[in-house]
$ cat structure.csv   # CSV, C-alpha atoms
chain,number,residue,atom,x,y,z
A,29,MET,CA,82.6,129.8,150.3
A,30,VAL,CA,84.7,132.1,148.1
A,31,THR,CA,86.0,130.9,144.8
A,32,ILE,CA,89.2,132.3,143.4
A,33,SER,CA,90.8,131.4,140.1
A,34,ILE,CA,94.6,131.0,140.5
A,35,ASN,CA,96.4,130.6,137.2
A,36,ASP,CA,93.1,129.3,135.8
A,37,GLU,CA,92.6,126.7,138.6
A,38,LEU,CA,89.6,127.2,140.7
A,39,GLN,CA,90.2,127.1,144.5
A,40,GLN,CA,87.7,127.6,147.3
A,41,PHE,CA,88.2,129.4,150.6
A,42,PRO,CA,86.0,129.8,153.7
A,43,ALA,CA,86.4,133.6,153.6
A,44,ARG,CA,87.9,136.2,151.3
A,45,PRO,CA,91.6,135.4,151.2
A,46,ALA,CA,94.3,138.0,151.5
A,47,LEU,CA,96.7,138.1,148.5
A,48,ARG,CA,99.6,137.8,151.0
A,49,GLU,CA,98.3,134.4,152.1
A,50,LEU,CA,97.9,133.1,148.6
A,51,LEU,CA,101.4,134.2,147.7
A,52,GLN,CA,102.8,132.6,150.8
A,53,ASN,CA,101.6,129.3,149.5
A,54,PHE,CA,103.3,129.9,146.1
A,55,ARG,CA,106.5,130.9,147.8
A,56,ALA,CA,106.5,127.8,150.0
A,57,MET,CA,106.2,125.6,146.9
A,58,SER,CA,108.7,127.4,144.8
A,59,PRO,CA,111.0,129.5,147.1
A,60,ASP,CA,113.5,130.6,144.5
A,61,THR,CA,111.1,131.6,141.7
A,62,ALA,CA,110.7,135.3,140.8
A,63,PHE,CA,107.1,136.2,140.2
A,64,ALA,CA,104.7,139.1,139.5
A,65,VAL,CA,101.0,139.3,140.1
A,66,ALA,CA,97.9,140.5,138.4
A,67,VAL,CA,94.3,140.3,139.7
A,68,ASN,CA,91.5,140.3,137.1
A,69,GLY,CA,94.1,141.2,134.5
A,70,GLU,CA,95.4,144.3,136.3
A,71,PHE,CA,99.0,144.4,137.5
A,72,VAL,CA,99.4,144.5,141.3
A,73,PRO,CA,102.7,146.0,142.5
A,74,ARG,CA,104.5,144.4,145.3
A,75,ALA,CA,103.7,147.3,147.6
A,76,GLN,CA,100.0,146.4,147.4
A,77,TYR,CA,100.4,142.7,148.4
A,78,GLU,CA,99.8,143.3,152.1
A,79,ALA,CA,96.6,145.3,151.8
A,80,LEU,CA,94.8,143.5,149.0
A,81,VAL,CA,92.0,141.0,149.8
A,82,LEU,CA,90.5,139.1,147.0
A,83,ALA,CA,86.8,138.7,146.4
A,84,ASP,CA,84.6,135.9,145.2
A,85,GLY,CA,85.2,135.3,141.5
A,86,ASP,CA,88.5,137.1,141.3
A,87,ALA,CA,91.2,135.8,139.0
A,88,LEU,CA,94.7,135.8,140.3
A,89,ASP,CA,97.6,135.4,137.8
A,90,ILE,CA,101.1,134.6,139.0
A,91,VAL,CA,103.7,134.8,136.3
A,92,SER,CA,107.4,133.9,136.3
A,93,PRO,CA,110.3,134.3,133.9
A,94,VAL,CA,110.6,131.9,130.9
A,95,GLY,CA,112.8,131.8,127.9
A,96,GLY,CA,111.3,133.9,125.1
A,97,GLY,CA,111.9,135.2,121.7
B,93,MET,CA,134.5,148.7,112.1
B,94,SER,CA,136.0,149.9,115.4
B,95,GLY,CA,133.6,152.3,117.1
B,96,ASP,CA,130.7,151.0,115.1
B,97,SER,CA,128.3,150.4,118.0
B,98,LEU,CA,124.5,149.9,118.1
B,99,THR,CA,122.8,152.6,120.1
B,100,LEU,CA,119.4,152.0,121.4
B,101,TYR,CA,117.7,154.4,123.8
B,102,GLY,CA,121.0,156.0,124.6
B,103,GLU,CA,122.8,152.7,125.4
B,104,SER,CA,125.6,151.4,123.2
B,105,PHE,CA,126.2,147.8,122.3
B,106,ASN,CA,128.9,146.1,120.4
B,107,SER,CA,126.8,143.2,119.1
B,108,ARG,CA,124.0,143.7,116.5
B,109,LEU,CA,122.6,140.2,117.1
B,110,LEU,CA,119.8,140.1,119.7
B,111,LEU,CA,119.0,136.5,120.7
B,112,GLY,CA,115.9,134.9,122.1
B,113,THR,CA,116.2,132.4,125.0
B,114,ALA,CA,113.3,130.0,124.1
B,115,LEU,CA,113.3,126.5,122.5
B,116,TYR,CA,116.8,125.4,123.4
B,117,PRO,CA,117.3,121.8,124.4
B,118,SER,CA,118.9,122.9,127.7
B,119,PRO,CA,119.9,126.0,129.6
B,120,GLN,CA,123.5,125.2,129.0
B,121,THR,CA,122.9,125.1,125.2
B,122,MET,CA,121.3,128.5,125.4
B,123,LEU,CA,124.3,129.9,127.3
B,124,ASP,CA,126.7,128.4,124.8
B,125,ALA,CA,124.7,130.1,122.0
B,126,ILE,CA,124.6,133.5,123.7
B,127,ASN,CA,128.4,133.3,124.2
B,128,ALA,CA,129.2,132.0,120.7
B,129,GLY,CA,126.9,134.7,119.1
B,130,ARG,CA,128.7,137.4,121.2
B,131,CYS,CA,125.3,138.8,122.1
B,132,ASP,CA,124.8,141.8,124.3
B,133,ILE,CA,121.0,141.7,124.5
B,134,VAL,CA,118.7,138.7,125.1
B,135,THR,CA,115.0,138.4,125.1
B,136,LEU,CA,112.8,136.5,127.5
B,137,GLY,CA,109.2,136.3,128.6
B,138,LEU,CA,106.8,135.8,131.5
B,139,ARG,CA,104.3,132.9,131.8
B,140,ARG,CA,102.2,131.2,134.4
B,141,GLN,CA,104.1,128.3,135.8
B,142,SER,CA,103.3,125.4,138.0
B,143,PRO,CA,105.4,125.7,141.1
B,144,LYS,CA,106.0,121.9,140.8
B,145,THR,CA,108.1,122.4,137.6
B,146,ARG,CA,111.2,124.3,138.0
B,147,ASP,CA,112.2,124.7,134.3
B,148,GLY,CA,111.5,128.4,134.3
B,149,ALA,CA,113.6,129.0,137.5
B,150,GLN,CA,116.6,127.3,135.9
B,151,ILE,CA,116.4,129.3,132.7
B,152,TRP,CA,116.0,132.5,134.6
B,153,GLN,CA,118.9,131.7,136.8
B,154,ALA,CA,121.0,130.9,133.7
B,155,ILE,CA,120.0,134.1,131.9
B,156,GLN,CA,120.8,136.2,135.0
B,157,ASN,CA,124.2,134.7,135.2
B,158,THR,CA,125.0,135.9,131.7
B,159,GLY,CA,124.9,139.5,132.8
B,160,ARG,CA,123.5,140.4,129.4
B,161,LYS,CA,121.0,143.3,128.8
B,162,LEU,CA,117.5,141.9,129.3
B,163,LEU,CA,114.7,142.7,126.8
B,164,PRO,CA,111.5,141.2,128.2
B,165,ASN,CA,108.7,140.6,125.7
B,166,THR,CA,104.9,140.7,125.8
B,167,ALA,CA,104.6,137.7,123.6
B,168,GLY,CA,101.1,136.2,123.2
B,169,CYS,CA,99.3,139.4,124.2
B,170,LYS,CA,96.3,140.2,122.0
B,171,THR,CA,95.0,143.3,123.6
B,172,VAL,CA,96.4,146.6,124.8
B,173,LYS,CA,95.4,145.9,128.3
B,174,GLU,CA,97.2,142.5,128.3
B,175,ALA,CA,100.3,144.0,126.9
B,176,VAL,CA,100.4,147.0,129.2
B,177,ASN,CA,99.9,144.8,132.3
B,178,LEU,CA,102.4,142.2,131.3
B,179,ALA,CA,104.9,145.0,130.6
B,180,GLU,CA,104.3,146.3,134.1
B,181,MET,CA,104.9,142.8,135.5
B,182,SER,CA,108.1,142.5,133.5
B,183,ARG,CA,109.4,145.8,134.7
B,184,GLU,CA,108.9,144.7,138.3
B,185,ILE,CA,110.5,141.3,137.9
B,186,PHE,CA,113.4,142.2,135.6
B,187,ALA,CA,114.0,145.7,136.9
B,188,THR,CA,114.2,147.2,133.4
B,189,ALA,CA,112.0,149.7,131.6
B,190,TRP,CA,112.9,148.1,128.2
B,191,ILE,CA,110.1,146.1,126.7
B,192,LYS,CA,109.8,144.3,123.4
B,193,LEU,CA,106.1,145.1,122.7
B,194,GLU,CA,104.1,142.5,121.0
B,195,VAL,CA,100.3,142.8,120.4
B,196,ILE,CA,99.3,140.0,118.2
B,197,GLY,CA,96.4,140.5,115.8
B,198,ASP,CA,96.1,137.2,114.1
B,199,ASP,CA,96.7,133.6,115.3
B,200,TYR,CA,97.4,132.2,111.9
B,201,ASN,CA,100.5,134.3,111.1
B,202,LEU,CA,101.1,135.9,114.5
B,203,GLN,CA,100.9,139.3,112.7
B,204,PRO,CA,101.1,142.3,115.0
B,205,ASP,CA,97.9,144.3,115.4
B,206,PRO,CA,99.0,147.7,114.2
B,207,PHE,CA,96.2,149.6,115.9
B,208,GLY,CA,96.7,147.9,119.3
B,209,LEU,CA,100.4,148.3,118.9
B,210,VAL,CA,100.3,152.0,118.6
B,211,GLU,CA,97.9,152.4,121.4
B,212,ALA,CA,99.9,150.1,123.7
B,213,ALA,CA,103.2,151.8,122.8
B,214,ALA,CA,101.7,155.3,123.6
B,215,GLU,CA,100.4,154.1,127.0
B,216,LEU,CA,103.7,152.4,127.9
B,217,ILE,CA,105.8,155.4,126.9
B,218,LYS,CA,103.6,157.6,129.1
B,219,ARG,CA,104.4,155.2,131.9
B,220,GLY,CA,108.1,155.5,131.4
B,221,PHE,CA,108.9,152.4,129.3
B,222,LYS,CA,111.4,152.2,126.6
B,223,VAL,CA,109.4,150.5,123.9
B,224,LEU,CA,110.9,148.3,121.1
B,225,PRO,CA,107.8,147.4,119.1
B,226,TYR,CA,107.6,144.2,117.1
B,227,CYS,CA,105.8,145.5,114.0
B,228,THR,CA,105.0,144.8,110.4
B,229,ASP,CA,107.0,146.5,107.7
B,230,ASP,CA,104.3,149.1,107.0
B,231,LEU,CA,105.8,152.6,106.7
B,232,VAL,CA,102.8,154.5,108.0
B,233,LEU,CA,102.5,152.2,111.0
B,234,CYS,CA,106.2,152.8,111.7
B,235,GLN,CA,105.8,156.5,111.4
B,236,LYS,CA,102.9,156.3,113.9
B,237,LEU,CA,105.0,154.3,116.4
B,238,LEU,CA,107.7,157.0,116.1
B,239,SER,CA,105.2,159.8,116.6
B,240,VAL,CA,104.1,158.3,120.0
B,241,GLY,CA,107.7,158.1,121.2
B,242,CYS,CA,109.3,154.8,120.1
B,243,GLU,CA,113.0,155.3,119.4
B,244,VAL,CA,113.6,151.9,117.9
B,245,LEU,CA,111.5,149.8,115.5
B,246,MET,CA,111.5,146.1,115.0
B,247,PRO,CA,109.8,145.2,111.7
B,248,TRP,CA,109.3,141.6,110.9
B,249,GLY,CA,111.2,139.9,108.0
B,250,SER,CA,108.5,137.2,107.9
B,251,PRO,CA,106.2,135.6,110.4
B,252,ILE,CA,107.6,134.3,113.6
B,253,GLY,CA,109.2,131.0,113.4
B,254,THR,CA,108.9,130.6,109.6
B,255,GLY,CA,112.5,131.1,108.7
B,256,GLN,CA,111.4,132.6,105.4
B,257,GLY,CA,113.7,135.6,105.6
B,258,LEU,CA,112.9,139.0,104.1
B,259,LEU,CA,109.5,138.5,102.4
B,260,ASN,CA,108.8,142.1,101.4
B,261,LYS,CA,112.1,143.7,100.5
B,262,TYR,CA,110.4,146.7,98.9
B,263,ASN,CA,108.7,147.6,102.2
B,264,LEU,CA,111.9,147.0,104.2
B,265,ARG,CA,114.0,149.1,101.8
B,266,THR,CA,111.3,151.8,102.0
B,267,LEU,CA,111.6,151.8,105.8
B,268,ARG,CA,115.3,152.2,105.6
B,269,GLU,CA,115.2,155.0,103.1
B,270,ARG,CA,112.4,156.9,104.8
B,271,LEU,CA,113.6,156.5,108.3
B,272,PRO,CA,117.4,156.9,107.9
B,273,GLN,CA,118.1,158.0,111.5
B,274,VAL,CA,115.9,155.4,113.3
B,275,PRO,CA,117.5,152.2,114.6
B,276,LEU,CA,115.7,149.4,112.7
B,277,ILE,CA,116.1,145.8,113.9
B,278,VAL,CA,114.6,143.0,111.8
B,279,ASP,CA,112.7,140.8,114.2
B,280,ALA,CA,111.3,137.5,113.3
B,281,GLY,CA,111.4,135.2,110.3
B,282,ILE,CA,115.1,135.1,109.9
B,283,GLY,CA,116.1,131.5,109.2
B,284,ALA,CA,119.6,131.6,107.7
B,285,PRO,CA,122.7,133.7,108.2
B,286,SER,CA,122.5,134.7,104.6
B,287,GLN,CA,119.1,136.4,105.2
B,288,ALA,CA,120.5,138.2,108.2
B,289,CYS,CA,123.5,139.4,106.1
B,290,GLU,CA,121.2,140.6,103.4
B,291,ALA,CA,119.2,142.7,105.9
B,292,MET,CA,122.4,144.2,107.3
B,293,GLU,CA,123.6,145.0,103.7
B,294,MET,CA,120.3,146.8,103.2
B,295,GLY,CA,121.2,149.0,106.2
B,296,PHE,CA,119.3,147.5,109.0
B,297,ASP,CA,120.9,148.1,112.4
B,298,GLY,CA,120.5,144.7,113.9
B,299,ILE,CA,118.8,141.3,113.9
B,300,LEU,CA,116.6,139.7,116.5
B,301,LEU,CA,116.1,135.9,116.2
B,302,ASN,CA,115.5,132.8,118.2
B,303,THR,CA,114.3,129.7,116.4
B,304,ALA,CA,117.0,129.5,113.7
B,305,VAL,CA,119.6,129.2,116.4
B,306,ALA,CA,117.7,127.3,119.1
B,307,LYS,CA,116.5,124.7,116.7
B,308,ALA,CA,119.8,124.2,114.9
B,309,GLN,CA,121.5,120.9,115.4
B,310,GLN,CA,124.4,122.9,116.9
B,311,PRO,CA,122.9,126.1,118.3
B,312,ALA,CA,126.3,127.6,119.4
B,313,LEU,CA,127.8,127.1,116.0
B,314,MET,CA,124.7,128.6,114.3
B,315,ALA,CA,124.9,131.6,116.7
B,316,GLU,CA,128.5,132.1,115.6
B,317,ALA,CA,127.5,131.9,112.0
B,318,PHE,CA,124.8,134.5,112.5
B,319,ALA,CA,127.2,136.8,114.3
B,320,ASP,CA,129.7,136.5,111.5
B,321,ALA,CA,127.0,137.1,108.8
B,322,ILE,CA,125.7,140.1,110.6
B,323,ARG,CA,129.1,141.6,111.0
B,324,ALA,CA,129.8,141.0,107.3
B,325,GLY,CA,126.6,142.5,106.2
B,326,ARG,CA,127.2,145.6,108.4
B,327,ALA,CA,130.7,146.0,107.0
B,328,ALA,CA,129.4,145.8,103.5
B,329,PHE,CA,126.7,148.4,104.2
B,330,LEU,CA,129.3,150.8,105.6
B,331,ALA,CA,131.7,150.1,102.8
B,332,GLY,CA,129.0,150.8,100.2
B,333,LEU,CA,127.7,148.2,97.8
B,334,MET,CA,128.2,148.7,94.1
B,335,GLN,CA,125.3,149.5,91.9
B,336,LYS,CA,123.9,146.6,89.9
B,337,ARG,CA,124.2,147.0,86.1
B,338,GLN,CA,122.4,145.3,83.2
B,339,THR,CA,125.5,144.9,81.0
B,340,ALA,CA,128.9,143.4,81.5
B,341,SER,CA,131.9,145.6,82.2
B,342,PRO,CA,135.5,144.3,82.2
B,343,SER,CA,137.3,144.7,85.4
B,344,THR,CA,140.8,144.4,83.8
B,345,PRO,CA,141.8,147.4,81.8
B,346,VAL,CA,141.2,147.1,78.1
B,347,ILE,CA,143.7,149.7,77.1
B,348,GLY,CA,147.2,148.2,76.3
B,349,GLN,CA,146.1,144.8,75.4
B,350,PRO,CA,149.2,143.1,73.9
B,351,PHE,CA,148.0,141.2,70.8
B,352,TRP,CA,144.5,139.9,70.8
B,353,HIS,CA,141.8,141.9,68.9
B,354,GLN,CA,144.7,143.5,66.9
B,355,HIS,CA,142.8,142.6,63.8
B,356,GLN,CA,140.0,144.9,64.9
B,357,ASN,CA,142.5,147.8,65.4
B,358,GLN,CA,143.9,147.3,61.9
B,359,GLN,CA,140.5,147.6,60.3

$ encode --input "structure.csv" --output "structure tokens"
Amino acid sequence: MVTISINDELQQFPARPALRELLQNFRAMSPDTAFAVAVNGEFVPRAQYEALVLADGDALDIVSPVGGG
Amino acid sequence: MSGDSLTLYGESFNSRLLLGTALYPSPQTMLDAINAGRCDIVTLGLRRQSPKTRDGAQIWQAIQNTGRKLLPNTAGCKTVKEAVNLAEMSREIFATAWIKLEVIGDDYNLQPDPFGLVEAAAELIKRGFKVLPYCTDDLVLCQKLLSVGCEVLMPWGSPIGTGQGLLNKYNLRTLRERLPQVPLIVDAGIGAPSQACEAMEMGFDGILLNTAVAKAQQPALMAEAFADAIRAGRAAFLAGLMQKRQTASPSTPVIGQPFWHQHQNQQ
């Protein structure tokens, strides 16, 4: 099993998941939410979504706009 | 005051009030405050959000609908790496190279980390960002930020959310005097329109605030009060304030007084 932290919540997968698959889940739950992504604290541009496959222990951050000062 | 616009990174704005979009009781209240304050620039942030809650989506939709210039922040970042990566995420989502750079050095007073701030600003400017750093009122720090390419500085009046106004007027005046050509925006700690007016009278170019408006009983009315105060302070600065004097000086002419003090003249 492969363990990935998604926004600090640990999730397990039978094999290394593609970033594209993980983001499909996010989009399905919140279709109109803009978001950007970092893996292990490093920004991942949209152009890299298709090719990136996560590894055991990776941390995925998905952030969206909020009010801010 | 016609033609007196605020120019930041080559873009001109009529309003000198930059408003945050957090802490309002509702998206509509926020919109009303932005309109009442006649703001051209609004700040916003990025956070992890549960897809089950749609609060962020609603606020983002509301902010987009205003058509205002967006100034995303890196609020909460404590390291250069965090700030740089969050800035990159902001640029992708908001399609703007502008970034209000925050690198926080202390949890107690949310004071910017001056060393991390300069390093992060240098890196972001290399990457093509237009950096507006939230900084302390330290002159040498501000000079370092300019030397790495910042064209605007945003020194604090007092710590974020305290509403204590301009705590170190000596430092703020020093910044204004030593950096006369640099757009300086007082960011954070402004709690009352009078404090904003005072900063503008000192020659600051704008005010960025959030809590004082968002937490007012009537946010739109408070935003209007701030806009008026900032305009008044700016006009006073341009008009030129009188010098303070130690002794009284009559404003009505003393020559030609009709009858009083005649006994003194006869002596």

$ interface_residues --input "structure.csv" --of "chain A" --to "chain B" --cutoff "12 Å" --atoms "all atoms listed in the file" --output "VMD selection string"
chain A and resid 34 to 37 51 53 to 75 88 to 97

$ residues_around --input "structure.csv" --residues "Gly85 (chain A)" --least-positions-apart "3" --cutoff "7 Å" --atoms "all atoms listed in the file" --output "ChimeraX atom specification"
/A:31-33

$ atom_distance --input "structure.csv" --atom1 "CA of Gly197 (chain B)" --atom2 "CA of Arg265 (chain B)"
24.1 Å

$ atom_distance --input "structure.csv" --atom1 "CA of Met294 (chain B)" --atom2 "CA of Arg268 (chain B)"
7.7 Å

$ residues_around --input "structure.csv" --residues "region 238-241 of chain B" --least-positions-apart "2" --cutoff "6 Å" --atoms "only C-alpha atoms" --output "list in words"
Ala214, Gln235 and Lys236 of chain B

$ atom_distance --input "structure.csv" --atom1 "CA of Val195 (chain B)" --atom2 "CA of Met246 (chain B)"
12.9 Å

$ closest_residue --input "structure.csv" --among "B:Leu216, B:Val172, B:Ile322, B:Ala284" --to "Ala308 (chain B)" --atoms "all atoms listed in the file"
B:Ala284

$ residues_around --input "structure.csv" --residues "Asp230 (chain B)" --least-positions-apart "3" --cutoff "10 Å" --atoms "only C-alpha atoms" --output "MDAnalysis selection string"
chainID B and resid 206 227 233:235 247:248 263:264 266:267
